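This is work19.txt (compact mmCIF, C-alpha atoms).
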```txt
# COMPACT_ATOMS: atom_id res chain seq x y z
CA MET A 437 -5.45 1.62 7.92
CA SER A 438 -7.95 -1.20 7.63
CA LYS A 439 -7.15 -4.89 7.72
CA CYS A 440 -6.62 -6.92 4.58
CA ARG A 441 -9.40 -9.40 3.81
CA ILE A 442 -7.04 -11.74 1.95
CA LYS A 443 -4.86 -13.95 4.15
CA LYS A 444 -1.76 -16.08 3.61
CA GLU A 445 -2.47 -19.43 1.89
CA ASP A 446 -5.84 -18.26 0.47
CA THR A 447 -6.42 -19.30 -3.13
CA VAL A 448 -6.82 -16.19 -5.27
CA ILE A 449 -7.43 -15.39 -8.93
CA VAL A 450 -5.77 -12.47 -10.72
CA ILE A 451 -8.46 -10.14 -12.12
CA SER A 452 -6.29 -7.65 -14.06
CA GLY A 453 -2.84 -7.34 -15.63
CA LYS A 454 -0.61 -9.62 -17.67
CA ASP A 455 -1.43 -12.69 -15.52
CA LYS A 456 -5.22 -12.20 -15.63
CA GLY A 457 -7.08 -15.45 -14.92
CA THR A 458 -4.17 -17.15 -13.13
CA ILE A 459 -5.08 -19.00 -9.93
CA GLY A 460 -2.63 -19.62 -7.09
CA PRO A 461 -2.07 -19.56 -3.33
CA VAL A 462 -0.92 -16.40 -1.53
CA GLU A 463 2.69 -16.71 -0.30
CA ALA A 464 2.73 -13.49 1.73
CA VAL A 465 0.67 -10.40 2.51
CA LEU A 466 2.81 -7.25 2.72
CA ARG A 467 1.85 -3.92 4.27
CA VAL A 468 2.87 -0.84 2.28
CA LYS A 469 3.39 2.47 4.09
CA SER A 470 2.61 5.74 2.32
CA LYS A 471 5.36 7.88 0.79
CA PRO A 472 3.65 11.10 -0.35
CA ASN A 473 6.76 12.47 -2.09
CA ARG A 474 7.00 9.36 -4.27
CA GLY A 475 3.28 8.97 -4.94
CA VAL A 476 2.94 5.71 -2.97
CA LYS A 477 -0.32 5.21 -1.07
CA GLU A 478 -0.63 2.99 1.95
CA GLY A 479 -2.29 -0.36 1.51
CA PHE A 480 -1.48 -4.02 0.98
CA LYS A 481 0.38 -6.08 -1.61
CA VAL A 482 0.31 -9.85 -2.02
CA ARG A 483 2.86 -12.29 -3.41
CA VAL A 484 1.18 -15.16 -5.27
CA THR A 485 2.94 -18.36 -6.34
CA GLY A 486 3.67 -18.35 -10.09
CA VAL A 487 2.23 -14.86 -10.69
CA ASN A 488 4.08 -11.66 -11.67
CA VAL A 489 7.39 -13.48 -12.19
CA VAL A 490 10.28 -11.06 -12.80
CA SER A 491 13.96 -11.55 -13.63
CA ARG A 492 16.47 -10.32 -11.09
CA HIS A 493 20.11 -9.90 -12.07
CA THR A 494 22.31 -10.72 -9.08
CA ARG A 495 26.02 -10.45 -8.49
CA ALA A 496 27.93 -13.41 -7.07
CA ASN A 497 28.65 -13.26 -3.34
CA PRO A 498 31.40 -15.78 -2.46
CA SER A 499 31.22 -15.07 1.28
CA GLN A 500 27.60 -16.34 1.36
CA GLU A 501 28.27 -19.01 -1.30
CA GLN A 502 25.74 -17.37 -3.60
CA ALA A 503 26.14 -17.75 -7.37
CA GLY A 504 25.51 -14.82 -9.67
CA GLY A 505 23.20 -14.77 -12.67
CA ILE A 506 19.59 -14.19 -13.57
CA ILE A 507 17.07 -15.39 -10.98
CA LYS A 508 13.32 -15.63 -11.58
CA LYS A 509 11.15 -14.71 -8.61
CA GLU A 510 7.61 -13.56 -7.81
CA ALA A 511 7.16 -9.83 -7.27
CA PRO A 512 4.32 -8.51 -5.10
CA LEU A 513 1.21 -7.11 -6.75
CA SER A 514 -1.49 -4.86 -5.38
CA VAL A 515 -4.31 -6.51 -3.44
CA CYS A 516 -6.85 -4.75 -5.71
CA LYS A 517 -5.65 -6.90 -8.64
CA VAL A 518 -6.63 -10.19 -6.98
CA ALA A 519 -9.87 -11.66 -5.70
CA ILE A 520 -10.59 -14.71 -3.58
CA TYR A 521 -11.30 -17.80 -5.72
CA ASN A 522 -14.49 -19.70 -4.94
CA PRO A 523 -13.96 -23.39 -5.88
CA LEU A 524 -17.72 -24.13 -5.84
CA THR A 525 -18.63 -21.53 -8.47
CA LYS A 526 -15.16 -21.56 -10.10
CA LYS A 527 -15.16 -17.74 -10.18
CA ALA A 528 -13.79 -14.75 -8.32
CA ASP A 529 -15.83 -13.80 -5.28
CA LYS A 530 -16.11 -11.13 -2.60
CA ILE A 531 -15.45 -11.73 1.09
CA GLY A 532 -17.99 -11.11 3.83
CA TYR A 533 -18.03 -11.74 7.56
CA LYS A 534 -20.51 -13.64 9.69
CA THR A 535 -20.74 -14.47 13.39
CA LEU A 536 -21.57 -18.10 14.18
CA GLU A 537 -23.81 -19.28 17.04
CA ASP A 538 -20.79 -19.91 19.27
CA GLY A 539 -19.66 -16.27 18.81
CA GLN A 540 -16.83 -17.02 16.38
CA LYS A 541 -16.38 -14.50 13.54
CA VAL A 542 -15.64 -16.20 10.18
CA ARG A 543 -15.04 -15.10 6.60
CA ILE A 544 -17.65 -16.20 4.03
CA TYR A 545 -18.08 -16.10 0.26
CA ARG A 546 -20.62 -13.40 -0.55
CA SER A 547 -22.20 -15.31 -3.46
CA ASN A 548 -23.28 -18.44 -1.58
CA GLY A 549 -22.56 -17.79 2.13
CA GLU A 550 -20.15 -20.72 2.51
CA VAL A 551 -17.37 -20.38 5.10
CA ILE A 552 -13.93 -19.81 3.58
CA GLY A 553 -11.50 -22.63 4.34
CA ALA A 554 -14.15 -25.00 5.66
```

Let's see the structure in the file written out as structure tokens.
Amino acid sequence: MSKCRIKKEDTVIVISGKDKGTIGPVEAVLRVKSKPNRGVKEGFKVRVTGVNVVSRHTRANPSQEQAGGIIKKEAPLSVCKVAIYNPLTKKADKIGYKTLEDGQKVRIYRSNGEVIGA
């Protein structure tokens, strides 16, 4: 399995689905293992703040002092549905890699060659 190009705390834009066009930071990058019997392929999922919000019905748990009810939380979505957001062009962008003079490997925006997070 290859590595995921999107990292935690990157700003991403949703490129498909009900939240298309929404911009937000990545909370977590999750690795998904394949389950051939269930039709699940291996890959990555990301959880983005304020995107793909679902309602979860929970039962009260008095031993952990947890109230029951309906809780809204972000569900993970596939990494193919998000792209890195380039603040200079204000659009979705692809990620490339470049080695600097000092030998450090950095991620760059493909459209303009700027270093991500710099």

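For the set A:Lys477, A:Lys509, A:Arg483, A:Arg543, the residue with the smallest atom-to-atom gap to A:Gly460 is A:Arg483, counting all atoms listed in the file.
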
Show which residues sit within 12 Å of A:Glu550, as a PDB file with C-alpha atoms, in the coordinates of the input. Count only C-alpha atoms, and ignore same-chain residues fewer than 3 positions away.
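Output file selection-v4.pdb is given in full below:
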```pdb
ATOM      1  CA  ASN A 522     -14.490 -19.700  -4.940  1.00  0.00           C
ATOM      2  CA  PRO A 523     -13.960 -23.390  -5.880  1.00  0.00           C
ATOM      3  CA  LEU A 524     -17.720 -24.130  -5.840  1.00  0.00           C
ATOM      4  CA  THR A 525     -18.630 -21.530  -8.470  1.00  0.00           C
ATOM      5  CA  ASP A 529     -15.830 -13.800  -5.280  1.00  0.00           C
ATOM      6  CA  LYS A 530     -16.110 -11.130  -2.600  1.00  0.00           C
ATOM      7  CA  ILE A 531     -15.450 -11.730   1.090  1.00  0.00           C
ATOM      8  CA  GLY A 532     -17.990 -11.110   3.830  1.00  0.00           C
ATOM      9  CA  TYR A 533     -18.030 -11.740   7.560  1.00  0.00           C
ATOM     10  CA  LYS A 534     -20.510 -13.640   9.690  1.00  0.00           C
ATOM     11  CA  VAL A 542     -15.640 -16.200  10.180  1.00  0.00           C
ATOM     12  CA  ARG A 543     -15.040 -15.100   6.600  1.00  0.00           C
ATOM     13  CA  ILE A 544     -17.650 -16.200   4.030  1.00  0.00           C
ATOM     14  CA  TYR A 545     -18.080 -16.100   0.260  1.00  0.00           C
ATOM     15  CA  ARG A 546     -20.620 -13.400  -0.550  1.00  0.00           C
ATOM     16  CA  SER A 547     -22.200 -15.310  -3.460  1.00  0.00           C
ATOM     17  CA  GLY A 553     -11.500 -22.630   4.340  1.00  0.00           C
ATOM     18  CA  ALA A 554     -14.150 -25.000   5.660  1.00  0.00           C
TER      19      ALA A 554
END
```

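Residue nearest A:Thr485, chosen from A:Asn548, A:Ser452, A:Asn473, A:Thr458 and counting only C-alpha atoms: A:Thr458.
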
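You will find atom CA of A:Arg467 at 16.7 Å from atom CA of A:Asp446.
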
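Closest approach to A:Val482 from the set A:Leu513, A:Ala496, A:Ile459, A:Ile507 is made by A:Leu513, with distances taken over all atoms listed in the file.
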
Exercise for the section: Calculate how many Å separate atom CA of A:Lys444 from atom CA of A:Asn488, rounding to one decimal. Expected result: 16.9 Å

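Nearest-residue note for A:Glu445: choosing from A:Pro498, A:Ile520, A:Gly504, A:Thr535, the minimum distance belongs to A:Ile520, counting all atoms listed in the file.
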